[in-house]
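As stored in run_7.cif (mmCIF, C-alpha atoms):
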```cif
data_input
loop_
_atom_site.label_atom_id
_atom_site.label_comp_id
_atom_site.auth_asym_id
_atom_site.auth_seq_id
_atom_site.Cartn_x
_atom_site.Cartn_y
_atom_site.Cartn_z
CA MET A 146 -32.00 31.53 32.07
CA ALA A 147 -29.85 33.59 29.70
CA LYS A 148 -26.76 32.88 31.83
CA LYS A 149 -27.44 29.14 31.60
CA LEU A 150 -27.85 29.37 27.84
CA VAL A 151 -24.58 31.30 27.46
CA PHE A 152 -22.84 28.78 29.73
CA PHE A 153 -24.07 25.83 27.65
CA ILE A 154 -23.10 27.54 24.37
CA ILE A 155 -19.60 28.25 25.67
CA PHE A 156 -19.31 24.73 27.11
CA PHE A 157 -20.29 23.04 23.82
CA PHE A 158 -18.09 25.40 21.80
CA LEU A 159 -15.06 24.57 23.96
CA ALA A 160 -15.84 20.86 23.80
CA ALA A 161 -16.08 21.02 20.01
CA CYS A 162 -12.74 22.83 19.78
CA ALA A 163 -10.89 20.46 22.10
CA PRO A 164 -8.09 18.50 20.45
CA THR A 165 -9.16 15.08 19.26
CA GLY A 166 -5.68 13.68 18.66
CA GLU A 167 -4.65 10.29 19.92
CA LYS A 168 -3.25 10.07 23.41
CA ILE A 169 0.52 9.97 23.61
CA GLY A 170 1.73 7.47 26.16
CA ALA A 171 4.09 8.42 28.97
CA SER A 172 6.29 5.32 28.69
CA LEU A 173 7.27 2.62 26.23
CA HIS A 174 6.26 -0.05 28.74
CA ASP A 175 2.68 1.28 28.86
CA ALA A 176 2.35 1.84 25.10
CA LYS A 177 0.24 -0.67 23.23
CA PRO A 178 1.00 -1.87 19.69
CA GLY A 179 -0.15 0.92 17.38
CA GLY A 180 0.06 3.42 20.24
CA LYS A 181 2.14 6.58 20.47
CA VAL A 182 4.92 7.43 22.89
CA LYS A 183 7.48 10.23 23.16
CA GLY A 184 11.19 9.54 23.01
CA LYS A 185 14.44 11.39 22.44
CA ILE A 186 16.71 10.26 19.63
CA ILE A 187 20.25 9.85 20.93
CA ALA A 188 21.96 8.32 17.88
CA VAL A 189 21.43 7.80 14.17
CA ALA A 190 22.80 4.54 12.75
CA ASP A 191 21.67 5.38 9.21
CA GLY A 192 18.58 6.78 7.50
CA ASP A 193 16.24 4.05 8.73
CA THR A 194 17.59 3.03 12.14
CA VAL A 195 18.02 5.15 15.28
CA ARG A 196 18.61 4.76 19.01
CA VAL A 197 16.09 6.31 21.38
CA ASN A 198 15.73 7.08 25.07
CA PHE A 199 12.18 6.68 26.31
CA SER A 200 11.15 7.72 29.81
CA ASP A 201 11.39 4.13 31.04
CA GLU A 202 13.84 2.48 28.63
CA LYS A 203 17.15 3.80 27.36
CA ASN A 204 19.18 3.17 24.21
CA VAL A 205 16.37 1.35 22.37
CA ARG A 206 17.10 0.45 18.74
CA VAL A 207 14.25 1.61 16.51
CA ARG A 208 13.76 0.49 12.90
CA ILE A 209 11.68 3.07 11.09
CA LEU A 210 8.66 1.55 9.36
CA SER A 211 8.05 1.41 5.60
CA ILE A 212 11.35 2.82 4.31
CA ASP A 213 14.76 1.55 3.30
CA THR A 214 17.76 3.83 2.94
CA PRO A 215 21.15 3.02 1.41
CA GLU A 216 23.58 1.40 3.86
CA LEU A 217 26.71 3.03 5.20
CA ASP A 218 28.36 -0.39 5.55
CA ALA A 219 26.72 -2.87 3.18
CA ASP A 220 27.95 -6.36 2.40
CA GLY A 221 29.52 -6.52 -1.04
CA TRP A 222 30.23 -2.80 -1.24
CA GLU A 223 33.48 -0.95 -0.81
CA GLY A 224 32.45 2.00 1.28
CA PRO A 225 28.93 3.33 1.69
CA GLN A 226 26.24 2.81 -0.92
CA PRO A 227 25.39 5.88 -3.02
CA PHE A 228 23.30 8.36 -1.00
CA ALA A 229 23.90 6.51 2.29
CA GLU A 230 25.86 9.38 3.78
CA GLU A 231 23.29 11.92 2.58
CA ALA A 232 20.48 9.85 4.11
CA ALA A 233 22.30 9.48 7.44
CA ASN A 234 23.18 13.18 7.51
CA ARG A 235 19.59 14.19 6.76
CA ALA A 236 18.37 11.82 9.47
CA GLU A 237 20.71 13.52 11.93
CA GLU A 238 19.43 16.96 10.88
CA LEU A 239 15.79 15.96 11.30
CA LEU A 240 16.01 13.66 14.31
CA LEU A 241 19.12 13.77 16.45
CA HIS A 242 18.68 15.07 20.03
CA LYS A 243 15.00 15.81 19.44
CA GLU A 244 12.07 14.58 21.47
CA LEU A 245 9.59 13.20 18.96
CA VAL A 246 6.49 11.03 18.84
CA PHE A 247 6.88 7.37 17.91
CA GLU A 248 3.84 5.50 16.61
CA LEU A 249 4.56 1.86 17.30
CA SER A 250 3.93 -0.98 14.90
CA LYS A 251 0.57 -2.67 15.33
CA ASN A 252 2.34 -6.03 15.48
CA THR A 253 2.27 -7.85 18.80
CA PRO A 254 4.97 -7.42 19.97
CA PRO A 255 6.05 -4.39 17.88
CA TYR A 256 9.60 -5.69 17.25
CA ASP A 257 11.38 -7.21 14.24
CA ARG A 258 13.51 -10.38 14.18
CA PHE A 259 16.57 -8.32 15.17
CA ASP A 260 14.75 -7.12 18.32
CA ARG A 261 14.43 -3.56 17.01
CA LEU A 262 11.30 -1.64 17.94
CA LEU A 263 9.28 -0.88 14.78
CA ALA A 264 7.77 2.59 14.59
CA ASN A 265 6.72 5.57 12.51
CA ILE A 266 8.32 8.84 13.59
CA TRP A 267 6.29 12.05 13.67
CA LEU A 268 8.30 15.27 13.28
CA ASP A 269 5.20 17.27 14.19
CA GLU A 270 1.44 16.68 14.22
CA HIS A 271 1.24 16.46 10.45
CA THR A 272 4.64 15.28 9.15
CA LEU A 273 6.10 11.80 9.13
CA TYR A 274 9.88 11.52 8.98
CA GLN A 275 9.51 8.83 6.31
CA GLU A 276 7.58 11.23 4.07
CA ILE A 277 10.49 13.70 4.04
CA MET A 278 13.09 11.02 3.30
CA LEU A 279 11.01 9.56 0.47
CA GLU A 280 10.22 12.96 -1.04
CA GLU A 281 13.89 13.97 -0.98
CA GLY A 282 14.94 10.77 -2.74
CA LEU A 283 16.92 9.46 0.22
CA ALA A 284 14.76 6.38 0.83
CA ARG A 285 12.63 3.89 -1.02
CA LEU A 286 9.24 2.61 0.11
CA ALA A 287 9.95 -0.91 1.37
CA TYR A 288 9.13 -3.59 3.91
CA VAL A 289 5.47 -2.67 3.92
CA TYR A 290 3.48 -5.35 5.70
CA GLU A 291 0.06 -5.57 7.29
CA PRO A 292 -0.97 -4.31 9.74
CA ASP A 293 1.39 -1.33 9.29
CA THR A 294 0.05 0.10 6.03
CA LYS A 295 -1.96 3.04 7.41
CA TYR A 296 0.12 5.80 5.73
CA VAL A 297 1.34 4.05 2.59
CA ASN A 298 -1.26 5.05 -0.01
CA LYS A 299 -2.07 8.60 1.11
CA ILE A 300 1.33 9.84 2.30
CA LEU A 301 4.32 7.61 1.60
CA ALA A 302 3.72 6.32 -1.94
CA PRO A 303 2.94 9.82 -3.29
CA ALA A 304 6.09 11.20 -1.61
CA GLU A 305 8.22 8.51 -3.24
CA GLU A 306 6.56 9.13 -6.61
CA LYS A 307 7.47 12.85 -6.45
CA ALA A 308 11.15 11.99 -5.98
CA ARG A 309 11.04 9.33 -8.67
CA LYS A 310 9.51 11.71 -11.22
CA ARG A 311 12.08 14.41 -10.43
CA GLU A 312 14.91 11.82 -10.41
CA LYS A 313 16.03 13.01 -6.99
CA GLY A 314 18.66 11.25 -4.92
CA ILE A 315 18.50 7.47 -5.27
CA TRP A 316 16.28 7.87 -8.33
CA SER A 317 19.00 9.79 -10.20
CA ILE A 318 21.05 6.62 -10.77
CA GLU A 319 19.56 4.38 -13.44
CA ASN A 320 18.59 0.91 -12.16
CA TYR A 321 20.02 1.62 -8.69
CA VAL A 322 16.76 1.05 -6.83
CA GLY A 323 15.34 -2.43 -7.10
CA LYS A 324 12.58 -4.29 -5.32
CA ASN A 325 15.19 -5.99 -3.11
CA GLY A 326 17.26 -2.92 -2.28
CA PHE A 327 20.05 -0.98 -3.91
CA GLN A 328 22.45 -2.28 -6.54
CA LEU A 329 24.77 -1.02 -9.21
CA ASP A 330 26.00 -2.83 -12.28
CA HIS A 331 29.65 -3.31 -11.36
#
```
Can you present the structure in this file as structure tokens?
Amino acid sequence: MAKKLVFFIIFFFLAACAPTGEKIGASLHDAKPGGKVKGKIIAVADGDTVRVNFSDEKNVRVRILSIDTPELDADGWEGPQPFAEEAANRAEELLLHKELVFELSKNTPPYDRFDRLLANIWLDEHTLYQEIMLEEGLARLAYVYEPDTKYVNKILAPAEEKARKREKGIWSIENYVGKNGFQLDH
């Protein structure tokens, strides 16, 4: 009787301690909108767009959800926009050649009008890539649409506010960040 009791106590203890995280899919093809899948970043276009190899699809363009970074080659600008190179370099530091978890857009299908996969990128279990870029002043919170608003109020907006208050990066140039992107008074 005592052995059975000990067995049940150990069994329930182990069950209670088991990870409860969401399942990470093995392939992009099998991932559902809003699901998670692992992929390896093979190229960084800029701070908000990367190319990824998934187990079943290679060289997939991914547009990172909820952020906008200055462009390296923007229409109407001679050269990169301010902080574009810093954003791209930081993206390379954080992402390039790493296998990370992509949480796909909940849209069906999870692609934008340019046929880029829309996803959040998790650097680890607790850290979104977008949070780092916003907090460091290398991105603005943008293109936030239902149903992909899960992390906006608790993680992303507070990260952006920290950078804004400290006038970091893009927030250090007066009137540079607007609701429609980045602009300077020429």
Proximity of segment 203-240 of chain A to segment 264-279 of chain A: per-residue shortest pair, 10 Å limit, all atoms listed in the file, as CSV:
```
residue,atom,partner,partner_atom,distance
A:Val207,CA,A:Ala264,CA,6.8
A:Arg208,CA,A:Ala264,CA,6.6
A:Ile209,CA,A:Ala264,CA,5.3
A:Leu210,CA,A:Ala264,CA,5.4
A:Ser211,CA,A:Gln275,CA,7.6
A:Ile212,CA,A:Gln275,CA,6.6
A:Asp213,CA,A:Leu279,CA,9.3
A:Thr214,CA,A:Met278,CA,8.6
A:Ala232,CA,A:Met278,CA,7.5
A:Arg235,CA,A:Met278,CA,8.0
A:Ala236,CA,A:Met278,CA,8.2
A:Leu239,CA,A:Tyr274,CA,7.7
A:Leu240,CA,A:Leu268,CA,7.9
```
Listing only residues of segment 220-266 of chain A within 7 Å of segment 284-295 of chain A, what is the closest atom pair and its distance in Å (to one decimal) for each, using all atoms listed in the file, sorted by chain and residue number ascending, as CSV?
```
residue,atom,partner,partner_atom,distance
A:Ser250,CA,A:Asp293,CA,6.2
A:Lys251,CA,A:Pro292,CA,6.0
A:Asn252,CA,A:Pro292,CA,6.8
```
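Closest approach to Leu173 of chain A among A:Phe327, A:Phe228, A:Trp222, A:Phe247: A:Phe247, based on only C-alpha atoms.
Note that the spacing between atom CA of Lys185 of chain A and atom CA of Glu238 of chain A amounts to 13.8 Å.
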- Quick one: which residues end up in the PyMOL selection byres ((chain A and resi 200) around 12) for this structure, as JSON, numbers by chain? {"A": [170, 171, 172, 173, 174, 175, 176, 182, 183, 184, 185, 186, 197, 198, 199, 201, 202, 203, 204, 205, 244]}
- Interatomic distance between atom CA of Glu216 of chain A and atom CA of Val189 of chain A? 12.3 Å
- Atom-to-atom span, atom CA of Lys299 of chain A and atom CA of Leu283 of chain A, Å: 19.0 Å
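Considering the residues A:Glu280, A:Glu223, A:Asp257, A:Asp191 and counting only C-alpha atoms, Ala302 of chain A has its shortest atom-to-atom contact with A:Glu280.
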Build an axis-aligned box that encloses every atom of segment 279-286 of chain A listed in the file, pad it by 5 Å on each side, and report its centre and edge lengths in Å to one decimal, as lines of an AutoDock Vina configuration file.
```
center_x = 13.1
center_y = 8.3
center_z = -1.0
size_x = 17.7
size_y = 21.4
size_z = 13.6
```
- Using only C-alpha atoms, determine which residues lie at most 8 Å from Lys313 of chain A, disregarding the query and same-chain residues fewer than 4 positions distant; provide the list as a PyMOL selection string. chain A and resi 281-282+308-309+317
- Given the choices A:Pro303, A:Gly326, A:Pro178, A:Gly221, which gets closest to Pro255 of chain A if the distance is worked out from all atoms listed in the file? A:Pro178
